[in-house]
file final.cif (mmCIF, N, CA and C atoms)
data_model
loop_
_atom_site.label_atom_id
_atom_site.label_comp_id
_atom_site.auth_asym_id
_atom_site.auth_seq_id
_atom_site.Cartn_x
_atom_site.Cartn_y
_atom_site.Cartn_z
N MET K 1 77.09 250.09 -69.49
CA MET K 1 78.15 250.84 -68.82
C MET K 1 79.50 250.13 -69.00
N ALA K 2 80.51 250.90 -69.22
CA ALA K 2 81.84 250.32 -69.43
C ALA K 2 82.37 249.74 -68.12
N LEU K 3 83.06 248.63 -68.24
CA LEU K 3 83.72 248.04 -67.09
C LEU K 3 84.97 248.86 -66.79
N ARG K 4 85.29 248.99 -65.49
CA ARG K 4 86.46 249.76 -65.09
C ARG K 4 87.21 248.98 -64.02
N ALA K 5 88.52 248.85 -64.21
CA ALA K 5 89.36 248.16 -63.24
C ALA K 5 90.65 248.95 -63.07
N CYS K 6 91.29 248.73 -61.93
CA CYS K 6 92.54 249.44 -61.63
C CYS K 6 93.50 248.47 -60.95
N GLY K 7 94.80 248.70 -61.18
CA GLY K 7 95.79 247.83 -60.57
C GLY K 7 97.17 248.46 -60.58
N LEU K 8 98.14 247.66 -60.15
CA LEU K 8 99.53 248.09 -60.11
C LEU K 8 100.39 247.16 -60.95
N ILE K 9 101.27 247.75 -61.73
CA ILE K 9 102.35 246.98 -62.34
C ILE K 9 103.49 247.08 -61.33
N ILE K 10 103.82 245.93 -60.74
CA ILE K 10 104.80 245.89 -59.67
C ILE K 10 106.10 245.29 -60.21
N TYR K 11 107.21 245.93 -59.87
CA TYR K 11 108.50 245.40 -60.30
C TYR K 11 109.46 245.38 -59.12
N ARG K 12 110.52 244.61 -59.32
CA ARG K 12 111.61 244.58 -58.35
C ARG K 12 112.91 244.65 -59.12
N ARG K 13 113.90 245.22 -58.45
CA ARG K 13 115.25 245.28 -59.05
C ARG K 13 116.12 244.27 -58.32
N LEU K 14 116.69 243.36 -59.08
CA LEU K 14 117.63 242.40 -58.51
C LEU K 14 119.01 243.03 -58.48
N GLN K 15 119.93 242.41 -57.78
CA GLN K 15 121.30 242.90 -57.76
C GLN K 15 121.81 242.95 -59.20
N ALA K 16 122.52 244.01 -59.53
CA ALA K 16 123.04 244.14 -60.89
C ALA K 16 123.94 242.95 -61.21
N GLY K 17 123.83 242.49 -62.44
CA GLY K 17 124.63 241.34 -62.88
C GLY K 17 126.04 241.77 -63.23
N SER K 18 126.51 241.24 -64.32
CA SER K 18 127.88 241.56 -64.74
C SER K 18 127.95 243.01 -65.21
N PRO K 19 129.15 243.59 -65.21
CA PRO K 19 129.30 244.98 -65.65
C PRO K 19 128.83 245.19 -67.09
N SER K 20 128.79 244.13 -67.89
CA SER K 20 128.37 244.26 -69.29
C SER K 20 126.84 244.18 -69.45
N SER K 21 126.10 243.92 -68.37
CA SER K 21 124.65 243.80 -68.51
C SER K 21 124.04 245.17 -68.81
N LYS K 22 122.96 245.12 -69.60
CA LYS K 22 122.31 246.36 -70.03
C LYS K 22 121.44 246.92 -68.92
N VAL K 23 121.18 248.23 -69.00
CA VAL K 23 120.24 248.87 -68.08
C VAL K 23 118.89 248.18 -68.23
N GLY K 24 118.28 247.82 -67.11
CA GLY K 24 116.98 247.17 -67.16
C GLY K 24 117.02 245.66 -67.12
N ASP K 25 118.19 245.06 -67.29
CA ASP K 25 118.29 243.60 -67.25
C ASP K 25 117.96 243.04 -65.87
N ASN K 26 118.07 243.86 -64.83
CA ASN K 26 117.84 243.37 -63.47
C ASN K 26 116.41 243.64 -62.99
N ILE K 27 115.52 244.04 -63.89
CA ILE K 27 114.14 244.35 -63.52
C ILE K 27 113.24 243.15 -63.80
N GLU K 28 112.42 242.78 -62.80
CA GLU K 28 111.44 241.71 -62.97
C GLU K 28 110.06 242.24 -62.57
N TYR K 29 109.04 241.75 -63.30
CA TYR K 29 107.66 242.18 -63.09
C TYR K 29 106.85 241.06 -62.47
N LEU K 30 105.92 241.42 -61.59
CA LEU K 30 105.06 240.45 -60.93
C LEU K 30 103.82 240.18 -61.78
N LEU K 31 103.60 238.91 -62.08
CA LEU K 31 102.38 238.49 -62.77
C LEU K 31 101.71 237.40 -61.95
N LEU K 32 100.38 237.47 -61.90
CA LEU K 32 99.57 236.49 -61.18
C LEU K 32 98.76 235.69 -62.20
N GLN K 33 98.64 234.38 -61.98
CA GLN K 33 97.85 233.54 -62.87
C GLN K 33 96.48 233.29 -62.26
N THR K 34 95.44 233.63 -63.02
CA THR K 34 94.08 233.48 -62.50
C THR K 34 93.75 232.01 -62.27
N SER K 35 92.90 231.76 -61.30
CA SER K 35 92.46 230.38 -61.02
C SER K 35 91.12 230.10 -61.70
N TYR K 36 90.69 231.00 -62.58
CA TYR K 36 89.41 230.84 -63.29
C TYR K 36 89.64 231.06 -64.79
N GLY K 37 88.64 230.72 -65.58
CA GLY K 37 88.69 230.99 -67.01
C GLY K 37 89.87 230.34 -67.70
N THR K 38 90.58 231.12 -68.50
CA THR K 38 91.70 230.59 -69.29
C THR K 38 93.01 230.60 -68.51
N HIS K 39 92.95 230.93 -67.21
CA HIS K 39 94.14 230.98 -66.35
C HIS K 39 95.19 231.94 -66.91
N HIS K 40 94.71 233.09 -67.37
CA HIS K 40 95.63 234.08 -67.94
C HIS K 40 96.46 234.74 -66.85
N TRP K 41 97.54 235.38 -67.26
CA TRP K 41 98.48 236.05 -66.36
C TRP K 41 98.26 237.55 -66.42
N THR K 42 98.26 238.20 -65.28
CA THR K 42 97.99 239.63 -65.21
C THR K 42 98.62 240.23 -63.95
N PRO K 43 98.93 241.52 -63.97
CA PRO K 43 99.29 242.18 -62.71
C PRO K 43 98.06 242.21 -61.79
N PRO K 44 98.24 242.45 -60.49
CA PRO K 44 97.09 242.57 -59.60
C PRO K 44 96.20 243.74 -60.03
N LYS K 45 94.91 243.45 -60.17
CA LYS K 45 93.95 244.49 -60.56
C LYS K 45 92.55 244.01 -60.25
N GLY K 46 91.59 244.95 -60.23
CA GLY K 46 90.21 244.56 -60.00
C GLY K 46 89.27 245.72 -60.21
N HIS K 47 87.99 245.42 -60.08
CA HIS K 47 86.96 246.42 -60.34
C HIS K 47 86.83 247.43 -59.21
N VAL K 48 86.48 248.64 -59.60
CA VAL K 48 86.32 249.75 -58.66
C VAL K 48 85.03 249.53 -57.85
N ASP K 49 85.15 249.59 -56.53
CA ASP K 49 83.98 249.48 -55.64
C ASP K 49 83.33 250.85 -55.48
N PRO K 50 82.02 250.88 -55.20
CA PRO K 50 81.35 252.17 -54.97
C PRO K 50 82.04 252.98 -53.88
N GLY K 51 82.24 254.27 -54.15
CA GLY K 51 82.85 255.16 -53.17
C GLY K 51 84.37 255.15 -53.17
N GLU K 52 84.96 254.31 -54.02
CA GLU K 52 86.41 254.18 -54.07
C GLU K 52 86.95 255.00 -55.24
N ASP K 53 88.13 255.60 -55.07
CA ASP K 53 88.76 256.21 -56.24
C ASP K 53 89.67 255.16 -56.89
N ASP K 54 90.16 255.48 -58.07
CA ASP K 54 90.92 254.50 -58.85
C ASP K 54 92.15 253.99 -58.12
N LEU K 55 92.93 254.88 -57.53
CA LEU K 55 94.16 254.46 -56.85
C LEU K 55 93.83 253.61 -55.62
N GLN K 56 92.78 253.97 -54.88
CA GLN K 56 92.37 253.14 -53.73
C GLN K 56 92.05 251.72 -54.20
N THR K 57 91.39 251.61 -55.35
CA THR K 57 91.07 250.29 -55.90
C THR K 57 92.35 249.52 -56.19
N ALA K 58 93.30 250.16 -56.85
CA ALA K 58 94.57 249.49 -57.19
C ALA K 58 95.28 248.98 -55.94
N LEU K 59 95.31 249.81 -54.90
CA LEU K 59 95.97 249.43 -53.65
C LEU K 59 95.22 248.28 -52.96
N ARG K 60 93.90 248.37 -52.91
CA ARG K 60 93.09 247.32 -52.27
C ARG K 60 93.25 245.99 -53.01
N GLU K 61 93.17 246.04 -54.33
CA GLU K 61 93.28 244.82 -55.12
C GLU K 61 94.66 244.17 -54.97
N THR K 62 95.70 244.98 -54.88
CA THR K 62 97.05 244.46 -54.70
C THR K 62 97.17 243.76 -53.35
N GLN K 63 96.56 244.37 -52.32
CA GLN K 63 96.54 243.75 -50.98
C GLN K 63 95.78 242.42 -51.02
N GLU K 64 94.60 242.44 -51.65
CA GLU K 64 93.76 241.24 -51.69
C GLU K 64 94.39 240.12 -52.51
N GLU K 65 94.91 240.46 -53.69
CA GLU K 65 95.35 239.42 -54.63
C GLU K 65 96.78 238.96 -54.43
N ALA K 66 97.65 239.83 -53.95
CA ALA K 66 99.07 239.46 -53.81
C ALA K 66 99.56 239.54 -52.36
N GLY K 67 98.69 240.01 -51.45
CA GLY K 67 99.09 240.10 -50.04
C GLY K 67 100.09 241.21 -49.77
N LEU K 68 100.17 242.20 -50.66
CA LEU K 68 101.12 243.29 -50.50
C LEU K 68 100.40 244.56 -50.05
N ASN K 69 100.85 245.14 -48.93
CA ASN K 69 100.26 246.42 -48.53
C ASN K 69 101.18 247.55 -48.96
N SER K 70 100.66 248.75 -48.92
CA SER K 70 101.36 249.90 -49.50
C SER K 70 102.67 250.25 -48.80
N SER K 71 102.93 249.68 -47.61
CA SER K 71 104.22 249.93 -46.95
C SER K 71 105.33 249.06 -47.55
N GLN K 72 104.95 248.08 -48.38
CA GLN K 72 105.93 247.14 -48.93
C GLN K 72 106.43 247.54 -50.32
N PHE K 73 105.86 248.59 -50.88
CA PHE K 73 106.29 249.05 -52.19
C PHE K 73 106.19 250.57 -52.25
N THR K 74 106.80 251.15 -53.27
CA THR K 74 106.80 252.60 -53.47
C THR K 74 106.15 252.90 -54.81
N LEU K 75 105.11 253.73 -54.79
CA LEU K 75 104.50 254.16 -56.05
C LEU K 75 105.49 255.07 -56.77
N ILE K 76 105.63 254.87 -58.07
CA ILE K 76 106.58 255.64 -58.87
C ILE K 76 105.84 256.79 -59.55
N GLU K 77 106.27 257.99 -59.24
CA GLU K 77 105.65 259.19 -59.83
C GLU K 77 105.89 259.23 -61.34
N GLY K 78 104.91 259.75 -62.04
CA GLY K 78 105.11 260.04 -63.46
C GLY K 78 104.72 258.93 -64.40
N PHE K 79 104.19 257.80 -63.87
CA PHE K 79 103.74 256.74 -64.78
C PHE K 79 102.33 256.31 -64.41
N LYS K 80 101.46 256.35 -65.41
CA LYS K 80 100.09 255.85 -65.28
C LYS K 80 99.68 255.44 -66.68
N LYS K 81 99.15 254.25 -66.82
CA LYS K 81 98.81 253.72 -68.14
C LYS K 81 97.34 253.29 -68.14
N GLU K 82 96.62 253.75 -69.16
CA GLU K 82 95.21 253.38 -69.30
C GLU K 82 95.06 252.49 -70.53
N LEU K 83 94.52 251.30 -70.32
CA LEU K 83 94.28 250.35 -71.41
C LEU K 83 92.79 250.31 -71.71
N GLN K 84 92.46 250.21 -72.99
CA GLN K 84 91.06 250.09 -73.42
C GLN K 84 90.95 248.85 -74.29
N TYR K 85 90.02 247.97 -73.94
CA TYR K 85 89.79 246.81 -74.78
C TYR K 85 88.38 246.30 -74.54
N THR K 86 87.99 245.25 -75.24
CA THR K 86 86.63 244.71 -75.16
C THR K 86 86.66 243.34 -74.50
N VAL K 87 85.75 243.14 -73.54
CA VAL K 87 85.59 241.85 -72.86
C VAL K 87 84.13 241.44 -72.98
N ARG K 88 83.89 240.27 -73.58
CA ARG K 88 82.52 239.79 -73.79
C ARG K 88 81.63 240.89 -74.39
N SER K 89 82.10 241.50 -75.43
CA SER K 89 81.38 242.54 -76.18
C SER K 89 81.14 243.84 -75.41
N LYS K 90 81.80 244.01 -74.27
CA LYS K 90 81.65 245.26 -73.51
C LYS K 90 82.99 245.97 -73.44
N PRO K 91 82.97 247.32 -73.56
CA PRO K 91 84.24 248.05 -73.43
C PRO K 91 84.75 247.98 -71.99
N LYS K 92 86.06 247.87 -71.85
CA LYS K 92 86.68 247.82 -70.52
C LYS K 92 87.85 248.78 -70.49
N THR K 93 87.97 249.49 -69.39
CA THR K 93 89.11 250.38 -69.14
C THR K 93 89.86 249.84 -67.93
N VAL K 94 91.17 249.70 -68.07
CA VAL K 94 92.00 249.29 -66.93
C VAL K 94 93.10 250.34 -66.78
N ILE K 95 93.24 250.85 -65.57
CA ILE K 95 94.26 251.85 -65.28
C ILE K 95 95.31 251.22 -64.37
N TYR K 96 96.57 251.35 -64.78
CA TYR K 96 97.68 250.82 -63.99
C TYR K 96 98.58 251.95 -63.52
N TRP K 97 99.02 251.84 -62.27
CA TRP K 97 100.10 252.66 -61.74
C TRP K 97 101.31 251.76 -61.62
N LEU K 98 102.45 252.36 -61.39
CA LEU K 98 103.70 251.62 -61.30
C LEU K 98 104.20 251.65 -59.86
N ALA K 99 104.68 250.50 -59.38
CA ALA K 99 105.19 250.41 -58.01
C ALA K 99 106.43 249.53 -57.96
N GLU K 100 107.41 249.96 -57.16
CA GLU K 100 108.63 249.18 -56.97
C GLU K 100 108.63 248.56 -55.58
N MET K 101 108.95 247.28 -55.53
CA MET K 101 109.06 246.59 -54.24
C MET K 101 110.20 247.22 -53.43
N ASN K 102 109.96 247.44 -52.13
CA ASN K 102 111.01 247.96 -51.26
C ASN K 102 112.05 246.89 -50.94
N ASP K 103 111.60 245.63 -50.85
CA ASP K 103 112.48 244.50 -50.58
C ASP K 103 112.16 243.43 -51.62
N CYS K 104 113.13 243.10 -52.46
CA CYS K 104 112.84 242.17 -53.56
C CYS K 104 112.55 240.75 -53.09
N ASN K 105 112.71 240.47 -51.80
CA ASN K 105 112.43 239.12 -51.28
C ASN K 105 111.11 239.04 -50.52
N THR K 106 110.28 240.09 -50.58
CA THR K 106 109.00 240.08 -49.88
C THR K 106 108.14 238.93 -50.39
N GLU K 107 107.47 238.24 -49.47
CA GLU K 107 106.63 237.10 -49.81
C GLU K 107 105.34 237.57 -50.48
N ILE K 108 104.94 236.87 -51.53
CA ILE K 108 103.66 237.10 -52.20
C ILE K 108 102.67 236.09 -51.63
N LYS K 109 101.49 236.58 -51.21
CA LYS K 109 100.46 235.70 -50.64
C LYS K 109 99.22 235.82 -51.51
N LEU K 110 98.97 234.78 -52.31
CA LEU K 110 97.87 234.80 -53.28
C LEU K 110 96.51 234.58 -52.63
N SER K 111 95.49 235.20 -53.21
CA SER K 111 94.11 234.94 -52.81
C SER K 111 93.60 233.75 -53.62
N ASP K 112 92.33 233.37 -53.38
CA ASP K 112 91.73 232.27 -54.13
C ASP K 112 91.57 232.59 -55.61
N GLU K 113 91.63 233.89 -55.96
CA GLU K 113 91.45 234.29 -57.35
C GLU K 113 92.62 233.90 -58.24
N HIS K 114 93.77 233.57 -57.62
CA HIS K 114 94.97 233.25 -58.39
C HIS K 114 95.59 231.95 -57.90
N GLN K 115 96.23 231.24 -58.82
CA GLN K 115 96.80 229.94 -58.47
C GLN K 115 98.33 229.93 -58.51
N ALA K 116 98.92 230.96 -59.09
CA ALA K 116 100.38 231.00 -59.17
C ALA K 116 100.83 232.44 -59.39
N PHE K 117 102.10 232.69 -59.11
CA PHE K 117 102.69 233.99 -59.44
C PHE K 117 104.09 233.76 -59.97
N ARG K 118 104.58 234.73 -60.71
CA ARG K 118 105.95 234.67 -61.23
C ARG K 118 106.54 236.08 -61.27
N TRP K 119 107.83 236.15 -61.03
CA TRP K 119 108.60 237.36 -61.29
C TRP K 119 109.30 237.13 -62.62
N LEU K 120 109.06 237.99 -63.60
CA LEU K 120 109.56 237.76 -64.95
C LEU K 120 110.24 238.99 -65.53
N ASN K 121 111.27 238.75 -66.35
CA ASN K 121 111.88 239.87 -67.05
C ASN K 121 110.92 240.35 -68.14
N LEU K 122 111.28 241.41 -68.83
CA LEU K 122 110.36 242.03 -69.78
C LEU K 122 109.87 241.04 -70.84
N GLU K 123 110.77 240.32 -71.48
CA GLU K 123 110.35 239.42 -72.56
C GLU K 123 109.46 238.29 -72.05
N GLU K 124 109.81 237.72 -70.89
CA GLU K 124 108.99 236.65 -70.31
C GLU K 124 107.62 237.19 -69.92
N ALA K 125 107.59 238.40 -69.35
CA ALA K 125 106.31 239.01 -68.94
C ALA K 125 105.42 239.24 -70.16
N CYS K 126 106.01 239.69 -71.25
CA CYS K 126 105.23 239.92 -72.48
C CYS K 126 104.69 238.61 -73.04
N LYS K 127 105.50 237.53 -72.97
CA LYS K 127 105.03 236.22 -73.44
C LYS K 127 103.86 235.74 -72.59
N CYS K 128 103.99 235.86 -71.28
CA CYS K 128 102.93 235.40 -70.36
C CYS K 128 101.67 236.24 -70.48
N ALA K 129 101.84 237.53 -70.68
CA ALA K 129 100.69 238.44 -70.68
C ALA K 129 99.74 238.19 -71.84
N GLU K 130 100.22 237.66 -72.94
CA GLU K 130 99.41 237.30 -74.11
C GLU K 130 98.74 238.49 -74.80
N TYR K 131 98.01 239.33 -74.06
CA TYR K 131 97.24 240.40 -74.69
C TYR K 131 98.14 241.54 -75.15
N THR K 132 97.92 241.98 -76.38
CA THR K 132 98.73 243.03 -76.99
C THR K 132 98.77 244.29 -76.13
N GLU K 133 97.62 244.68 -75.57
CA GLU K 133 97.56 245.91 -74.76
C GLU K 133 98.44 245.78 -73.52
N MET K 134 98.43 244.62 -72.88
CA MET K 134 99.24 244.42 -71.68
C MET K 134 100.72 244.37 -72.03
N GLN K 135 101.05 243.73 -73.15
CA GLN K 135 102.44 243.70 -73.60
C GLN K 135 102.95 245.12 -73.83
N GLY K 136 102.11 245.95 -74.45
CA GLY K 136 102.47 247.35 -74.69
C GLY K 136 102.69 248.10 -73.39
N ALA K 137 101.87 247.80 -72.39
CA ALA K 137 102.01 248.46 -71.08
C ALA K 137 103.35 248.07 -70.45
N PHE K 138 103.71 246.78 -70.51
CA PHE K 138 105.00 246.35 -69.95
C PHE K 138 106.16 247.03 -70.68
N ARG K 139 106.07 247.12 -71.99
CA ARG K 139 107.15 247.76 -72.76
C ARG K 139 107.26 249.25 -72.42
N ALA K 140 106.11 249.90 -72.23
CA ALA K 140 106.10 251.33 -71.86
C ALA K 140 106.72 251.52 -70.47
N VAL K 141 106.39 250.65 -69.52
CA VAL K 141 106.97 250.72 -68.18
C VAL K 141 108.48 250.53 -68.28
N HIS K 142 108.91 249.54 -69.02
CA HIS K 142 110.34 249.23 -69.10
C HIS K 142 111.11 250.41 -69.71
N GLN K 143 110.54 250.97 -70.76
CA GLN K 143 111.19 252.15 -71.39
C GLN K 143 111.27 253.31 -70.40
N PHE K 144 110.18 253.53 -69.65
CA PHE K 144 110.13 254.57 -68.64
C PHE K 144 111.23 254.36 -67.58
N LEU K 145 111.34 253.14 -67.08
CA LEU K 145 112.32 252.83 -66.03
C LEU K 145 113.76 252.94 -66.55
N CYS K 146 113.98 252.45 -67.76
CA CYS K 146 115.34 252.51 -68.32
C CYS K 146 115.75 253.95 -68.63
N SER K 147 114.80 254.80 -68.97
CA SER K 147 115.13 256.19 -69.27
C SER K 147 115.47 256.96 -68.01
N LYS K 148 115.04 256.46 -66.84
CA LYS K 148 115.34 257.12 -65.56
C LYS K 148 116.66 256.65 -64.97
N ALA K 149 117.18 255.53 -65.49
CA ALA K 149 118.38 254.91 -64.89
C ALA K 149 119.63 255.75 -65.13
#
call {"tool": "encode", "arguments": {"input": "final.cif", "output": "structure tokens"}}
result
Amino acid sequence: MALRACGLIIYRRLQAGSPSSKVGDNIEYLLLQTSYGTHHWTPPKGHVDPGEDDLQTALRETQEEAGLNSSQFTLIEGFKKELQYTVRSKPKTVIYWLAEMNDCNTEIKLSDEHQAFRWLNLEEACKCAEYTEMQGAFRAVHQFLCSKA
């Protein structure tokens, strides 16, 4: 059976910089560093529990892994990204929704599953994410957000 996980790509908008800054320069993405394995960086996500729908999983995992409940961010309509890749010879599907922090200074509270977090601009997030599929997801989110600006 294919593995299935769901999560949120969470971003915050900082105060706009100089008038010459480009659209999207003030956007930062939340990445969490795992405390196991290769200590890779990922948005909050996790496996679907029995009886849970995909979005419930994404919200629960975000609460568990980053300490953020759904009153602290706004889900952004019109964006949902499904990634397909192989983990230990098994197919895996990960579905991400997009969410914007309501307050860019909200505290992140990590679970034992993660040892660090960072807010990163697009290029830094892509460097940290390592995996091509995740880099593509960040680029798709960024393009989506900049096209709405």
call {"tool": "residues_near_point", "arguments": {"input": "final.cif", "point": "(107.8, 249.7, -55.7)", "cutoff": "7 Å", "atoms": "all atoms listed in the file", "output": "NGL selection string"}}
result
:K and (10-12 or 72-76 or 98-102)
call {"tool": "closest_residue", "arguments": {"input": "final.cif", "among": "K:Arg139, K:Lys92, K:Lys45, K:His114", "to": "Ala58 of chain K", "atoms": "only N, CA and C atoms"}}
result
K:Lys45
call {"tool": "atom_distance", "arguments": {"input": "final.cif", "atom1": "atom C of Lys81 of chain K", "atom2": "atom C of Gln135 of chain K"}}
result
11.4 Å
call {"tool": "residues_near_point", "arguments": {"input": "final.cif", "point": "(97.2, 251.1, -53.2)", "cutoff": "8 Å", "atoms": "all atoms listed in the file", "output": "JSON list (two decimals) with N, CA and C atoms, in the coordinates of the input"}}
result
[["chain", "number", "residue", "atom", "x", "y", "z"],
["K", 7, "GLY", "N", 94.80, 248.70, -61.18],
["K", 7, "GLY", "CA", 95.79, 247.83, -60.57],
["K", 7, "GLY", "C", 97.17, 248.46, -60.58],
["K", 8, "LEU", "N", 98.14, 247.66, -60.15],
["K", 8, "LEU", "CA", 99.53, 248.09, -60.11],
["K", 8, "LEU", "C", 100.39, 247.16, -60.95],
["K", 54, "ASP", "N", 90.16, 255.48, -58.07],
["K", 54, "ASP", "CA", 90.92, 254.50, -58.85],
["K", 54, "ASP", "C", 92.15, 253.99, -58.12],
["K", 55, "LEU", "N", 92.93, 254.88, -57.53],
["K", 55, "LEU", "CA", 94.16, 254.46, -56.85],
["K", 55, "LEU", "C", 93.83, 253.61, -55.62],
["K", 56, "GLN", "N", 92.78, 253.97, -54.88],
["K", 56, "GLN", "CA", 92.37, 253.14, -53.73],
["K", 56, "GLN", "C", 92.05, 251.72, -54.20],
["K", 57, "THR", "N", 91.39, 251.61, -55.35],
["K", 57, "THR", "CA", 91.07, 250.29, -55.90],
["K", 57, "THR", "C", 92.35, 249.52, -56.19],
["K", 58, "ALA", "N", 93.30, 250.16, -56.85],
["K", 58, "ALA", "CA", 94.57, 249.49, -57.19],
["K", 58, "ALA", "C", 95.28, 248.98, -55.94],
["K", 59, "LEU", "N", 95.31, 249.81, -54.90],
["K", 59, "LEU", "CA", 95.97, 249.43, -53.65],
["K", 59, "LEU", "C", 95.22, 248.28, -52.96],
["K", 60, "ARG", "N", 93.90, 248.37, -52.91],
["K", 60, "ARG", "CA", 93.09, 247.32, -52.27],
["K", 60, "ARG", "C", 93.25, 245.99, -53.01],
["K", 61, "GLU", "N", 93.17, 246.04, -54.33],
["K", 61, "GLU", "CA", 93.28, 244.82, -55.12],
["K", 61, "GLU", "C", 94.66, 244.17, -54.97],
["K", 62, "THR", "N", 95.70, 244.98, -54.88],
["K", 62, "THR", "CA", 97.05, 244.46, -54.70],
["K", 62, "THR", "C", 97.17, 243.76, -53.35],
["K", 63, "GLN", "N", 96.56, 244.37, -52.32],
["K", 63, "GLN", "CA", 96.54, 243.75, -50.98],
["K", 63, "GLN", "C", 95.78, 242.42, -51.02],
["K", 68, "LEU", "N", 100.17, 242.20, -50.66],
["K", 68, "LEU", "CA", 101.12, 243.29, -50.50],
["K", 68, "LEU", "C", 100.40, 244.56, -50.05],
["K", 69, "ASN", "N", 100.85, 245.14, -48.93],
["K", 69, "ASN", "CA", 100.26, 246.42, -48.53],
["K", 69, "ASN", "C", 101.18, 247.55, -48.96],
["K", 70, "SER", "N", 100.66, 248.75, -48.92],
["K", 70, "SER", "CA", 101.36, 249.90, -49.50],
["K", 70, "SER", "C", 102.67, 250.25, -48.80]]
call {"tool": "atom_distance", "arguments": {"input": "final.cif", "atom1": "atom C of Glu123 of chain K", "atom2": "atom N of Val48 of chain K"}}
result
28.1 Å
call {"tool": "atom_distance", "arguments": {"input": "final.cif", "atom1": "atom CA of Pro44 of chain K", "atom2": "atom CA of Lys148 of chain K"}}
result
24.1 Å
call {"tool": "residues_around", "arguments": {"input": "final.cif", "residues": "His39 of chain K", "least_positions_apart": "3", "cutoff": "12 Å", "atoms": "only C-alpha atoms", "output": "MDAnalysis selection string"}}
result
chainID K and resid 31:36 42 113:117 128:130
call {"tool": "select_by_dssp", "arguments": {"input": "final.cif", "residues": "chain K", "states": "helix (DSSP H, G or I)", "output": "count of residues only"}}
result
41
call {"tool": "select_by_dssp", "arguments": {"input": "final.cif", "residues": "segment 7-149 of chain K", "states": "strand (DSSP E)", "output": "number ranges by chain"}}
result
K: 7-13, 27-34, 41-42, 45-47, 73-87, 90-101, 114-120
call {"tool": "resolve_selection", "arguments": {"input": "final.cif", "expression": "the PyMOL selection byres ((chain K and resi 119) around 5)", "output": "VMD selection string"}}
result
chain K and resid 29 to 30 117 to 118 120 to 121
call {"tool": "closest_residue", "arguments": {"input": "final.cif", "among": "K:Leu110, K:Cys6, K:Met134, K:Val94", "to": "Glu64 of chain K", "atoms": "all atoms listed in the file"}}
result
K:Leu110
